[in-house]
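A.B. asks: Sharing a structure here in structure tokens format.
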Amino acid sequence: MADALSSAVSTVLNTLYGWEGPVELQETRKDFEGDATLVVFPFLKHSRKSPVDTANEIGEALLASSPLVVRFNAVQGFLNLVLSSAQIQSRFDAIRTASDWGAFPVEAAQPAAMVEFSSPNTNKPLHLGHVRNILLGHSVSRILEASGRKVVQVQIVNDRGVHICKSMWAWKQFGGGVTPDSSGKKGDHLVGDFYVRFDQELRAQAKELMAQGLDEDAAKAQAPCMREVQEMLRQWEAGDAEVRELWAKMNGWVYDGFNATYDRLGVSFDRNYYESDTYVLGKQDIEEGLARGVFYRRDDGSVWIDLREDGLDEKLVLRRDGTSVYMTQDIGTAIQRFKDFAIDRLTYVVGNEQDYHFKVLFLILKKLGYAWADQLYHLSYGMVDLPSGKMKSREGTVVDADDLLDEMEATARALSEELGKTDGLSDAEKSALYQVLGHGALKYFILKVDPRKRMVFNPEESIDFNGHTGPFIQYSHARIKSILRKAEGRSTAWTWSEITLDDRSKDLIQTLDRFPEAVQQAARTYSPAVVAQFAYDLAKAFNGFYQANPILNAESDAVVAFRVELCRATAAAVKRALGLLGITAPERM
RNA sequence: GGCCCCGUAGUUCAACGGAUAGAACGAGCGUUUCCUAAACGCUAAAUCCCAGUUCGAUUCUGGGCGGGGCUACCA
């Protein structure tokens with residue numbers, strides 16, 4: 001609606017006041033009559049009139065010059081415009097004839113946008129924090145695609161280091177050869193158990209040393225198990241065959257486990273990067289930057305960058321022994337990715353505790369002279385907290401991803417069976433449906449929140465299936481599909497001359513009309529919450545329409561046909577919007 | 001200590017500097033001989049405090065108070 005109308009308003013303002021600036025219209029509040037509202041305060045100094053007089057002046061001019069506007073009212077400094085039904089009609093014509101309303105065609109020749117997300121460690125299973133990360137990364141990828149971008153999804157797997165050796169050591173020590181197959185345990189959970197087992201052993205050993213007078217840090221460093229783990233890491237770096245073999249075997253178990261969880265969540269990656277490969281990257285880039293004076297070497301041989309003029313600190317990029325730190329390989333990996341793929345931007349979905357790290361990383365890459373450094377973006381999402389605060393593995397309050405998905409499915413099952421809505425479905429269909437509903441509830445619960453804000457998850461209370469939730473939107477879709485099934489075989493012929501638009505129908509059309517704009521705003525701000533809100537508004541608008549208007553029992557065949565078509569367009573938009581959130585829209589529920 | 005986020009109904013979340021701060025859950029009341037009541041409608045309920053900028057501030061600025069994070073030659 002906005003385009004034709006705002007250019008009409010723009011013309012009027014230019015004629016009246018010589019206004020050249022942008023014109024922004026907003027939706028009229030429900031309490032007032034109108035479809036669009038212009039705030040006139042900015043024009044008062046040009047009109048030299050009161051707010052109401054100015055609004056009336058603009059309104060009269062619009063009425064005279066544009067067929068889009070049929071009525072207006074001025075409330076204080078607010079000019080409420082009532083659009084002609086022809087305008088609403090033409091909007092619905094555009095919506096119903098579009099092949100993918102809400103999506104923009106992907107420009108195949110353009111460089112892609114890369115999105116990095118998930119990026120787990122291979123020493124413990126995925127938890128609720130990863131779930132937020134994964135859902136955000138996946139949804140942002142879908143939204144970027146809908147906004148017309150090709151997308152490359154990647155993860156970087158933290159598969160090396162002392163923490164990995166800990167679970168390896170504990171498995172050798174206490175595992176007795178157990179495998180995922182022999183234990184029936186998912187590989188990532190099995191390995192995670194040994195990581196916990198190591199920690200117990202370490203604490204026991206450290207306790208003894210502390211009894212002999214060592215402080216806690218020293219005791220942990222000198223504990224025999226820790227020394228053996230350090231030795232194992234050295235062997236790994238030296239390429240020791242036995243250590244490497246165990247490492248590959250246990251990581252394989254973890255990947256099988258992760259992939260099972262990724263499959264459940266419906267996500268996948270175009271490319272996996274492994275730190276065991278990438279940790280060598282970056283050193284060369286540091287040397288080159290050193291030669292060009294971006295970095296400097298201290299007397300002890302360590303290499304630094306001085307970012308104090310940019311309001312940051314001095315930051316180490318190479319240790320004095322020449323080995324790399326996290327920053328080093330992140331520099332190298334970013335450069336590598338722009339070589340590996342035809343991309344022109346890279347988004348990192350990483351928690352906000354790493355805000356400083358990414359500020360520094362992006363600044364270094366800019367100082368190294370990479371033009372694409374301005375197209376790096378850290379989607380810095382907030383932590384998922386429990387009502388008691390942060391999840392802590394030591395206190396056993398970490399919410400496991402697989403357990404959570406199981407619970408969501410179980411809740412969906414219990415609720416559906418209580419409502420008696422699954423009679424006539426096969427067991428396989430039921431399970432599939434409970435998965436769709438349970439995951440829909442979880443995904444929506446997480447994605448409806450602004451990614452940047454921390455959010456609270458209460459494990460004591462199950463996630464809702466009523467109200468502002470995924471299942472509410474899924475239910476609206478299922479209900480529409482039920483109507484569409486019943487409408488099969490009926491006449492689809494109607495013309496606008498046979499239709500009178502009531503407020504609910506108008507509202508539904510105007511909500512549908514917002515879809516493309518919502519997609520673009522979500523893509524621009526990397527915020528699935530925008531799409532989530534739109535999907536809810538759309539479902540809400542449909543339910544209002546449905547409540548007020550008989551569809552299959554409408555007064556004439558033409559009205560039935562029109563309303564069925566409105567239903568069809570709505571169902572398609574709901575399904576697509578949910579799809580952008582990674583949520584499936586069921587045919588019935 | 002320094003730097004960075006955040007503070008909205010009982011609770012979980014909304015609100016490009018715009019109207020009477022929206023939803024949902026929970027609480028109370030109502031709607032089904034009719035297309036799925038996981039729905040629809042009604043009632044009660046909130047901007048941490050103090051200044052400033054502005055025609056207008058939840059939003060911007062400064063100062064408090066409260067919560068979280070970062071501040072490793074860890075990853």
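By order of appearance in the structure tokens: chains A, B, ..., then residues from 1 within every chain, and ligands from 1 in the order shown.
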Residues of chain B were defined as contacting chain A if any atom lay at most 9 Å from it, counting only C-alpha atoms (C1' of nucleotides); please report them as an MDAnalysis selection string.

C.D. replies: chainID B and resid 3:6 12:14 18:19 23:25 34:36 38:40 55 68:70 73:75

A.B. asks: When DSSP is applied to the backbone of this structure, which of segment 326-540 of chain A are assigned strand (DSSP E or B)? Write them out as an NGL selection string.

C.D. replies: :A and (343-351 or 376-381 or 384-386 or 389 or 400 or 455-456)

A.B. asks: What is the atom CA of Lys392 of chain A-atom CA of Gly184 of chain A distance in Å, reported with one decimal?

C.D. replies: 26.5 Å
